[in-house]
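> So I've got this file, coords_19.csv, and it contains CSV, C-alpha atoms:
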chain,number,residue,atom,x,y,z
A,1,MET,CA,-65.5,34.4,-1.8
A,2,GLU,CA,-64.1,35.4,-5.1
A,3,GLU,CA,-62.8,38.6,-3.6
A,4,GLN,CA,-61.2,36.6,-0.8
A,5,LEU,CA,-59.4,34.3,-3.3
A,6,LYS,CA,-58.1,37.2,-5.3
A,7,GLN,CA,-56.9,38.8,-2.0
A,8,ILE,CA,-54.9,35.7,-1.2
A,9,GLN,CA,-53.3,35.8,-4.6
A,10,LYS,CA,-52.6,39.6,-4.1
A,11,ASP,CA,-51.0,38.9,-0.7
A,12,PHE,CA,-48.8,36.3,-2.3
A,13,ASP,CA,-47.7,38.6,-5.1
A,14,GLU,CA,-46.8,41.3,-2.6
A,15,THR,CA,-44.5,38.8,-0.7
A,16,ASP,CA,-40.9,39.5,-1.6
A,17,LEU,CA,-39.4,36.1,-2.4
A,18,SER,CA,-36.2,37.3,-4.0
A,19,ASN,CA,-33.9,37.1,-0.9
A,20,LEU,CA,-35.5,34.1,0.8
A,21,GLY,CA,-33.6,30.9,1.5
A,22,GLU,CA,-34.9,27.3,1.4
A,23,LYS,CA,-36.4,27.5,4.9
A,24,GLU,CA,-38.1,30.8,4.4
A,25,LEU,CA,-39.6,29.7,1.0
A,26,ASP,CA,-41.1,26.6,2.7
A,27,GLU,CA,-42.6,28.8,5.4
A,28,VAL,CA,-44.3,30.9,2.6
A,29,ARG,CA,-45.6,27.6,1.0
A,30,VAL,CA,-47.1,26.5,4.4
A,31,LYS,CA,-48.7,29.9,4.9
A,32,PHE,CA,-50.6,29.8,1.7
A,33,LEU,CA,-50.9,26.1,0.7
A,34,GLY,CA,-50.3,24.2,3.9
A,35,LYS,CA,-53.0,22.2,5.8
A,36,LYS,CA,-53.9,25.3,7.8
A,37,GLY,CA,-52.9,27.7,5.0
A,38,LEU,CA,-54.9,30.6,3.7
A,39,LEU,CA,-56.1,28.9,0.6
A,40,THR,CA,-56.9,25.6,2.3
A,41,ASP,CA,-59.0,27.5,4.9
A,42,MET,CA,-60.9,29.1,2.0
A,43,LEU,CA,-61.5,25.8,0.2
A,44,LYS,CA,-63.0,24.4,3.4
A,45,GLN,CA,-65.8,26.9,2.9
A,46,MET,CA,-66.7,25.6,-0.5
A,47,GLY,CA,-69.4,23.4,1.1
A,48,LYS,CA,-71.4,26.5,2.0
A,49,LEU,CA,-71.7,27.6,-1.6
A,50,SER,CA,-74.7,26.8,-3.9
A,51,ALA,CA,-74.3,24.2,-6.6
A,52,ASP,CA,-74.1,26.9,-9.2
A,53,GLU,CA,-71.3,28.9,-7.4
A,54,ARG,CA,-69.2,25.9,-6.5
A,55,PRO,CA,-67.7,25.1,-10.0
A,56,LEU,CA,-66.8,28.8,-10.6
A,57,MET,CA,-65.1,29.2,-7.2
A,58,GLY,CA,-63.3,25.9,-7.6
A,59,LYS,CA,-61.9,27.1,-10.9
A,60,ILE,CA,-60.7,30.4,-9.4
A,61,ALA,CA,-59.2,28.5,-6.4
A,62,ASN,CA,-57.3,26.2,-8.7
A,63,GLU,CA,-56.0,29.2,-10.7
A,64,VAL,CA,-54.8,30.8,-7.4
A,65,ARG,CA,-53.1,27.6,-6.3
A,66,GLU,CA,-51.3,27.2,-9.7
A,67,HIS,CA,-50.2,30.9,-9.5
A,68,ILE,CA,-48.8,30.4,-6.0
A,69,GLU,CA,-47.1,27.1,-6.9
A,70,THR,CA,-45.5,28.6,-10.0
A,71,GLY,CA,-44.3,31.6,-8.1
A,72,LEU,CA,-42.7,29.4,-5.4
A,73,LYS,CA,-41.1,27.2,-8.1
A,74,ASN,CA,-39.6,30.2,-9.9
A,75,ALA,CA,-38.3,31.6,-6.6
A,76,HIS,CA,-36.7,28.3,-5.7
A,77,GLU,CA,-35.0,28.1,-9.1
A,78,ALA,CA,-33.8,31.7,-8.7
A,79,MET,CA,-32.4,30.8,-5.3
A,80,LYS,CA,-30.5,27.8,-6.6
A,81,HIS,CA,-29.1,29.8,-9.5
A,82,ALA,CA,-27.9,32.6,-7.1
A,83,ALA,CA,-26.2,30.0,-4.9
A,84,LEU,CA,-24.5,28.5,-7.9
A,85,GLU,CA,-23.3,31.9,-9.1
A,86,LYS,CA,-22.0,32.7,-5.6
A,87,ARG,CA,-20.1,29.4,-5.5
A,88,LEU,CA,-18.6,29.9,-8.9
A,89,ASP,CA,-17.4,33.3,-7.9
A,90,SER,CA,-15.8,32.0,-4.7
A,91,GLU,CA,-14.2,29.1,-6.5
A,92,PHE,CA,-12.9,31.0,-9.5
A,93,ILE,CA,-9.5,30.0,-10.7
A,94,ASP,CA,-7.3,32.2,-12.8
A,95,VAL,CA,-5.7,29.7,-15.1
A,96,THR,CA,-3.2,32.4,-16.3
A,97,THR,CA,-1.6,32.8,-12.9
A,98,PRO,CA,1.9,31.2,-12.8
A,99,VAL,CA,2.0,28.1,-10.6
A,100,LYS,CA,4.9,26.6,-8.6
A,101,PRO,CA,6.7,23.7,-10.3
A,102,ARG,CA,5.1,20.3,-9.5
A,103,PHE,CA,7.0,18.0,-7.2
A,104,ASN,CA,7.6,14.7,-8.9
A,105,GLY,CA,8.2,11.7,-6.6
A,106,SER,CA,10.6,8.8,-7.3
A,107,LEU,CA,11.0,5.2,-6.2
A,108,HIS,CA,12.3,4.6,-2.7
A,109,PRO,CA,15.9,3.3,-2.8
A,110,LEU,CA,14.7,0.0,-1.3
A,111,THR,CA,12.2,-0.4,-4.0
A,112,LYS,CA,14.7,0.4,-6.7
A,113,ILE,CA,17.2,-2.2,-5.4
A,114,THR,CA,14.5,-4.8,-5.0
A,115,GLN,CA,13.4,-4.3,-8.6
A,116,GLU,CA,17.0,-4.5,-9.8
A,117,LEU,CA,17.7,-7.7,-7.8
A,118,GLU,CA,14.5,-9.3,-9.2
A,119,SER,CA,15.4,-8.3,-12.8
A,120,THR,CA,18.9,-9.7,-12.4
A,121,PHE,CA,17.7,-13.1,-11.1
A,122,MET,CA,14.7,-13.3,-13.5
A,123,ALA,CA,17.2,-12.8,-16.4
A,124,MET,CA,19.0,-15.9,-15.0
A,125,GLY,CA,15.8,-18.0,-15.1
A,126,PHE,CA,14.5,-17.5,-11.5
A,127,SER,CA,10.8,-16.9,-10.7
A,128,VAL,CA,9.6,-14.4,-8.0
A,129,VAL,CA,7.5,-16.0,-5.3
A,130,GLU,CA,6.0,-14.2,-2.3
A,131,GLY,CA,4.5,-15.5,1.0
A,132,PRO,CA,2.8,-14.3,4.2
A,133,GLU,CA,4.7,-12.2,6.7
A,134,VAL,CA,2.9,-14.1,9.5
A,135,ASP,CA,3.8,-17.7,9.3
A,136,THR,CA,4.1,-20.8,11.5
A,137,VAL,CA,6.9,-21.7,13.8
A,138,GLU,CA,7.1,-25.0,11.9
A,139,ASN,CA,7.8,-23.3,8.6
A,140,ASN,CA,10.1,-20.7,10.1
A,141,PHE,CA,12.3,-23.1,12.2
A,142,ASP,CA,11.3,-26.7,12.4
A,143,LYS,CA,11.3,-27.6,8.7
A,144,LEU,CA,14.5,-25.5,8.2
A,145,ASN,CA,16.4,-27.8,10.5
A,146,ALA,CA,16.6,-25.3,13.3
A,147,PRO,CA,16.5,-27.2,16.6
A,148,LYS,CA,14.3,-26.1,19.5
A,149,ASN,CA,17.3,-24.9,21.5
A,150,HIS,CA,18.6,-22.8,18.6
A,151,PRO,CA,19.3,-19.1,19.7
A,152,SER,CA,17.2,-17.7,16.9
A,153,ARG,CA,14.1,-19.3,18.4
A,154,ASP,CA,14.5,-17.3,21.7
A,155,MET,CA,11.7,-15.0,22.7
A,156,THR,CA,14.2,-12.1,22.7
A,157,ASP,CA,15.1,-12.7,19.1
A,158,THR,CA,11.7,-13.4,17.4
A,159,PHE,CA,8.2,-11.8,17.5
A,160,TYR,CA,5.8,-14.6,18.5
A,161,LEU,CA,2.1,-14.1,18.2
A,162,ASN,CA,1.4,-17.3,20.0
A,163,ASP,CA,3.0,-20.8,20.4
A,164,LYS,CA,2.4,-21.6,16.8
A,165,LEU,CA,2.5,-18.3,14.9
A,166,LEU,CA,5.2,-15.6,14.5
A,167,LEU,CA,6.4,-12.8,12.3
A,168,ARG,CA,8.8,-14.5,10.0
A,169,THR,CA,12.5,-13.9,10.7
A,170,GLN,CA,13.5,-14.8,7.1
A,171,THR,CA,11.8,-15.4,3.8
A,172,SER,CA,13.0,-19.0,3.9
A,173,THR,CA,9.4,-19.8,4.8
A,174,VAL,CA,8.5,-19.1,1.2
A,175,GLN,CA,11.1,-21.7,0.1
A,176,VAL,CA,9.4,-24.3,2.5
A,177,ARG,CA,6.0,-23.5,1.1
A,178,THR,CA,7.3,-23.8,-2.5
A,179,MET,CA,9.0,-27.1,-1.9
A,180,GLU,CA,5.8,-28.5,-0.3
A,181,THR,CA,3.6,-27.5,-3.3
A,182,GLN,CA,5.9,-27.6,-6.3
A,183,LYS,CA,7.9,-30.6,-7.6
A,184,PRO,CA,11.5,-30.0,-8.7
A,185,PRO,CA,13.0,-28.5,-10.7
A,186,ILE,CA,12.7,-25.3,-8.6
A,187,ARG,CA,14.4,-22.0,-9.2
A,188,ILE,CA,12.9,-19.1,-7.2
A,189,ILE,CA,13.7,-16.0,-5.4
A,190,SER,CA,11.5,-14.7,-2.5
A,191,PRO,CA,11.8,-11.0,-1.6
A,192,GLY,CA,9.9,-9.5,1.4
A,193,ARG,CA,9.9,-8.0,4.8
A,194,CYS,CA,11.2,-9.9,7.9
A,195,PHE,CA,11.1,-9.1,11.6
A,196,ARG,CA,13.4,-9.7,14.5
A,197,CYS,CA,13.7,-8.3,18.0
A,198,ASP,CA,16.6,-6.0,17.2
A,199,THR,CA,17.2,-2.6,18.9
A,200,PRO,CA,17.4,0.0,16.1
A,201,ASP,CA,20.9,1.4,15.5
A,202,ALA,CA,23.0,2.2,12.4
A,203,THR,CA,23.0,-1.4,11.1
A,204,HIS,CA,20.0,-3.0,12.8
A,205,SER,CA,16.2,-2.6,12.5
A,206,PRO,CA,13.4,-4.7,13.9
A,207,MET,CA,11.9,-4.7,10.4
A,208,PHE,CA,14.1,-5.3,7.4
A,209,ASN,CA,13.9,-6.5,3.8
A,210,GLN,CA,15.4,-9.7,2.6
A,211,ILE,CA,15.6,-11.7,-0.6
A,212,GLU,CA,16.3,-15.4,-0.7
A,213,GLY,CA,16.9,-17.8,-3.5
A,214,LEU,CA,16.4,-21.6,-3.9
A,215,VAL,CA,17.4,-24.0,-6.6
A,216,VAL,CA,16.5,-27.7,-6.3
A,217,ASP,CA,16.9,-30.3,-9.1
A,218,LYS,CA,18.7,-33.5,-9.9
A,219,GLY,CA,22.5,-33.3,-10.0
A,220,ILE,CA,22.9,-29.8,-8.4
A,221,THR,CA,26.4,-29.4,-7.0
A,222,PHE,CA,28.5,-26.8,-5.3
A,223,ALA,CA,29.9,-25.9,-8.7
A,224,ASN,CA,26.4,-24.8,-9.8
A,225,PHE,CA,26.0,-23.0,-6.6
A,226,LYS,CA,29.3,-21.1,-7.0
A,227,TYR,CA,28.7,-20.3,-10.6
A,228,ILE,CA,25.2,-18.8,-10.1
A,229,LEU,CA,26.3,-16.5,-7.2
A,230,GLU,CA,29.5,-15.4,-9.1
A,231,GLU,CA,27.3,-14.6,-12.1
A,232,PHE,CA,24.9,-12.7,-10.0
A,233,VAL,CA,27.7,-10.6,-8.5
A,234,ARG,CA,29.1,-9.9,-12.0
A,235,ARG,CA,25.7,-8.8,-13.4
A,236,PHE,CA,24.5,-6.8,-10.4
A,237,PHE,CA,27.7,-5.2,-9.2
A,238,GLY,CA,29.9,-5.1,-12.3
A,239,GLU,CA,32.6,-7.0,-14.2
A,240,ASN,CA,35.5,-5.9,-12.0
A,241,ILE,CA,34.0,-7.1,-8.7
A,242,LYS,CA,35.6,-10.2,-7.2
A,243,THR,CA,33.9,-12.7,-4.9
A,244,LYS,CA,35.3,-14.6,-1.9
A,245,PHE,CA,33.6,-17.7,-0.3
A,246,ARG,CA,34.2,-18.2,3.4
A,247,PRO,CA,33.1,-21.3,5.4
A,248,HIS,CA,30.2,-20.7,7.8
A,249,ASN,CA,27.5,-22.5,9.6
A,250,PHE,CA,23.7,-22.4,9.0
A,251,PRO,CA,21.3,-25.0,10.2
A,252,PHE,CA,19.5,-25.2,6.9
A,253,THR,CA,22.5,-25.6,4.6
A,254,GLU,CA,25.5,-28.0,4.6
A,255,PRO,CA,28.1,-27.1,3.5
A,256,SER,CA,27.5,-23.3,4.2
A,257,ALA,CA,29.4,-20.2,3.2
A,258,GLU,CA,29.3,-16.5,3.4
A,259,ILE,CA,30.1,-14.5,0.3
A,260,ASP,CA,32.1,-11.4,0.2
A,261,VAL,CA,32.8,-9.0,-2.6
A,262,THR,CA,35.6,-6.5,-3.2
A,263,CYS,CA,34.9,-3.2,-1.5
A,264,PHE,CA,33.2,-0.7,-3.8
A,265,LYS,CA,35.0,2.2,-2.2
A,266,CYS,CA,38.6,1.1,-2.3
A,267,GLY,CA,38.5,-1.7,-4.9
A,268,GLY,CA,39.9,-4.2,-2.5
A,269,VAL,CA,42.9,-2.2,-1.2
A,270,GLY,CA,41.4,-1.6,2.3
A,271,CYS,CA,39.5,1.4,3.7
A,272,PRO,CA,37.3,2.4,6.6
A,273,THR,CA,34.2,1.3,4.7
A,274,CYS,CA,35.4,-2.3,4.6
A,275,LYS,CA,37.3,-2.0,7.9
A,276,GLY,CA,40.6,-2.4,6.0
A,277,GLU,CA,39.8,-5.9,4.8
A,278,GLY,CA,39.2,-5.0,1.1
A,279,PHE,CA,36.0,-7.2,1.1
A,280,ILE,CA,32.4,-6.6,2.2
A,281,GLU,CA,30.0,-9.4,3.2
A,282,ILE,CA,26.8,-9.4,1.1
A,283,LEU,CA,25.1,-12.8,1.7
A,284,GLY,CA,25.0,-16.2,3.3
A,285,ALA,CA,24.4,-19.4,1.3
A,286,GLY,CA,25.0,-23.1,1.0
A,287,MET,CA,23.8,-26.5,-0.2
A,288,VAL,CA,20.3,-27.3,1.0
A,289,HIS,CA,20.6,-29.6,4.1
A,290,PRO,CA,19.1,-33.1,3.4
A,291,ASN,CA,16.9,-32.7,6.4
A,292,VAL,CA,15.3,-29.6,4.9
A,293,LEU,CA,14.5,-31.5,1.7
A,294,ARG,CA,13.2,-34.4,3.6
A,295,ASN,CA,11.0,-32.2,5.8
A,296,CYS,CA,9.4,-30.7,2.7
A,297,GLY,CA,8.7,-34.0,1.1
A,298,ILE,CA,11.6,-34.1,-1.4
A,299,ASP,CA,13.9,-37.2,-1.5
A,300,PRO,CA,17.5,-36.0,-0.8
A,301,GLU,CA,18.8,-39.2,-2.4
A,302,VAL,CA,17.3,-38.0,-5.7
A,303,TYR,CA,17.4,-34.2,-5.5
A,304,SER,CA,19.9,-31.7,-4.3
A,305,GLY,CA,20.0,-27.9,-4.3
A,306,PHE,CA,21.4,-24.7,-2.9
A,307,ALA,CA,19.9,-21.7,-1.2
A,308,PHE,CA,21.1,-18.1,-0.5
A,309,GLY,CA,19.8,-15.0,1.2
A,310,MET,CA,20.8,-11.4,1.5
A,311,GLY,CA,19.5,-8.3,3.1
A,312,ILE,CA,18.1,-5.8,0.6
A,313,ASP,CA,18.7,-3.0,3.1
A,314,ARG,CA,22.4,-4.0,3.3
A,315,ILE,CA,22.7,-4.1,-0.5
A,316,THR,CA,21.1,-0.7,-0.7
A,317,MET,CA,23.4,0.8,1.9
A,318,ILE,CA,26.4,-0.7,0.2
A,319,LYS,CA,25.4,0.4,-3.3
A,320,TYR,CA,24.4,4.0,-2.3
A,321,GLU,CA,27.0,4.3,0.5
A,322,ILE,CA,24.3,4.9,3.1
A,323,GLU,CA,25.8,4.9,6.6
A,324,ASP,CA,22.7,4.4,8.7
A,325,ILE,CA,19.9,1.9,8.0
A,326,ARG,CA,17.4,4.2,9.9
A,327,TYR,CA,17.6,6.7,7.0
A,328,LEU,CA,15.7,4.2,4.9
A,329,TYR,CA,12.7,4.2,7.2
A,330,GLU,CA,12.5,7.8,8.5
A,331,ASN,CA,10.9,9.1,5.2
A,332,ASP,CA,12.9,12.3,5.4
A,333,ILE,CA,12.3,14.0,2.0
A,334,ARG,CA,15.7,15.6,2.1
A,335,PHE,CA,17.2,12.1,2.1
A,336,LEU,CA,14.8,10.4,-0.3
A,337,LYS,CA,14.9,13.1,-3.0
A,338,GLN,CA,18.6,12.2,-3.6
A,339,PHE,CA,17.4,9.0,-5.3
Just dump the structure as structure tokens.

Amino acid sequence: MEEQLKQIQKDFDETDLSNLGEKELDEVRVKFLGKKGLLTDMLKQMGKLSADERPLMGKIANEVREHIETGLKNAHEAMKHAALEKRLDSEFIDVTTPVKPRFNGSLHPLTKITQELESTFMAMGFSVVEGPEVDTVENNFDKLNAPKNHPSRDMTDTFYLNDKLLLRTQTSTVQVRTMETQKPPIRIISPGRCFRCDTPDATHSPMFNQIEGLVVDKGITFANFKYILEEFVRRFFGENIKTKFRPHNFPFTEPSAEIDVTCFKCGGVGCPTCKGEGFIEILGAGMVHPNVLRNCGIDPEVYSGFAFGMGIDRITMIKYEIEDIRYLYENDIRFLKQF
């Protein structure tokens, strides 16, 4: 039996393990040490030995087992090392090779203008408040004094999710939420995305960005309203830009106005950009309608205020002289890298 054990060890030593993979090494292990392996079969015959021979053969068998296990372990380590070396060779990077200049991105023009608008109003004492893009019909229309037969509530103008929910058409919903949860004095701006059923063209998009402002306190008058907006125009567009207030109609403000500024291209003389008028419209505004204050739980006999809103996309197009709103959403790198 001793000779047979030594022959098993000899057979293992003569097995070339150097080029075997994981699967082949396991097959060698099963051949010699498995349940039906050569060494296991030999150990099953230990019962036939005498009491004197059994300890000696057991010692030899254990030595053979340890020899085979050590050999398999060494072969496995060598295989892992060879695989690592091969991987390192294939993934070698020559750090001395010149590389192409890295492309550095920049802020999107809409993001830049939004940040500039926020900074301008924050310097004037306003806080930035955001709200959900999916809101209720009540917050978007009813509490803003828009009657049920108002054109903006038509299915062809607004994205409805159901009878009570829609994609907001304006960030005025944030003003409603603020007035319901915060007692005056209130001085906020609310930037964000809005949605309307517009067919995309050079000046319209079904998704656009808007920023609205709201001031509510005791004793707020049209004079405060006019001063704040003129001060905003001066700070944001420059000292030489003039403003013009035109009467208008909005259901949520009374009186209402649209604000124009002198054309940046011609300085007010008249050109194709301003259609020869010398002024460009930038926002709509007005004194908050008493019904809106009342709907939000604020007594219009005690408090008054004003609200305004402007399209961030429009301001961006005016400031950078962009002729088509679709450029802002096409993500064409040739266009964006100019900013």
> For Arg196 of chain A, list every protein, DNA or RNA residue within 12 Å, evaluated using only C-alpha atoms, and leave out those in the same chain fewer than 5 positions away; present the list as a VMD selection string.
chain A and resid 133 152 to 160 166 to 170 204 to 209
> Identify which of the residues A:Leu229, A:Val128, A:Phe237, A:Thr273 lies closest to Ala257 of chain A, counting all atoms listed in the file when measuring atom-to-atom distances.
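So, comparing all the options, the nearest one is A:Leu229.
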> For a test of reading the model, state the distance in Å between atom CA of Lys80 of chain A and atom CA of Ala61 of chain A, rounded to one decimal.
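About the pair atom CA of Lys80 of chain A and atom CA of Ala61 of chain A: they are 28.7 Å apart.
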> I'd like to know which of A:Ser119, A:Ala223, A:Gly284, A:Phe232 is closest to Asn249 of chain A, using only C-alpha atoms.
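The shortest atom-to-atom distance to Asn249 of chain A comes from A:Gly284.
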> Have a look at atom CA of Thr173 of chain A and atom CA of Met317 of chain A and let me know their distance in Å, one decimal.
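Taking atom CA of Thr173 of chain A as the start and atom CA of Met317 of chain A as the end point, the length is 25.1 Å.
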> What lies within 9 Å of Glu138 of chain A using all atoms listed in the file, ignoring chain neighbours under 5 positions off, as a PyMOL selection string?
chain A and resi 143-144+164-165
> Do you know which residues are at most 10 Å from Ile318 of chain A counting all atoms listed in the file, after dropping those on the same chain fewer than 6 positions away, and could you put them as a count of residues only?
8
> So, with only C-alpha atoms as the atoms that count, which of A:Arg29, A:Lys35, A:Lys148, A:Lys242 lies closest to Glu69 of chain A?
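Counting only C-alpha atoms, the residue closest to Glu69 of chain A is A:Arg29.
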> Please tabulate, as CSV, the residues of segment 183-214 of chain A that come within 8 Å of segment 299-307 of chain A, each with its closest pair of atoms and the distance in Å to one decimal, counting only C-alpha atoms and ordering rows by chain, then residue number upward.

residue,atom,partner,partner_atom,distance
A:Pro184,CA,A:Tyr303,CA,7.9
A:Glu212,CA,A:Ala307,CA,7.3
A:Gly213,CA,A:Ala307,CA,5.4
A:Leu214,CA,A:Ala307,CA,4.4
> From the list A:Val288, A:Cys271, A:Ala202, A:Met179, which residue is nearest Glu323 of chain A when using all atoms listed in the file?
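Closest candidate: A:Ala202.
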> Have a look at atom CA of Asp260 of chain A and atom CA of Arg246 of chain A and let me know their distance in Å, one decimal.
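These atoms are spaced 7.8 Å apart.
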> Would you please work out which residue, of A:Gly309, A:Gly71, A:Gly238, A:Pro272, is nearest to Gln175 of chain A when using only C-alpha atoms?
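Distance minimum relative to Gln175 of chain A lands on A:Gly309.
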> Select, from A:Ile325, A:Ile333, A:Met287, A:Ile189, the residue with the minimum atom-to-atom distance to Thr114 of chain A, counting all atoms listed in the file.
A:Ile189
> If we count only C-alpha atoms, what is near Ala83 of chain A at a cut-off of 12 Å, once residues fewer than 5 positions away on the same chain are taken out, given as a compact mmCIF listing (two decimals) with C-alpha atoms, keeping the file's coordinate frame?

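Output file out-v7.txt follows:
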# COMPACT_ATOMS: atom_id res chain seq x y z
CA ASN A 19 -33.90 37.10 -0.90
CA LEU A 20 -35.50 34.10 0.80
CA GLY A 21 -33.60 30.90 1.50
CA GLU A 22 -34.90 27.30 1.40
CA HIS A 76 -36.70 28.30 -5.70
CA GLU A 77 -35.00 28.10 -9.10
CA ALA A 78 -33.80 31.70 -8.70
CA LEU A 88 -18.60 29.90 -8.90
CA ASP A 89 -17.40 33.30 -7.90
CA SER A 90 -15.80 32.00 -4.70
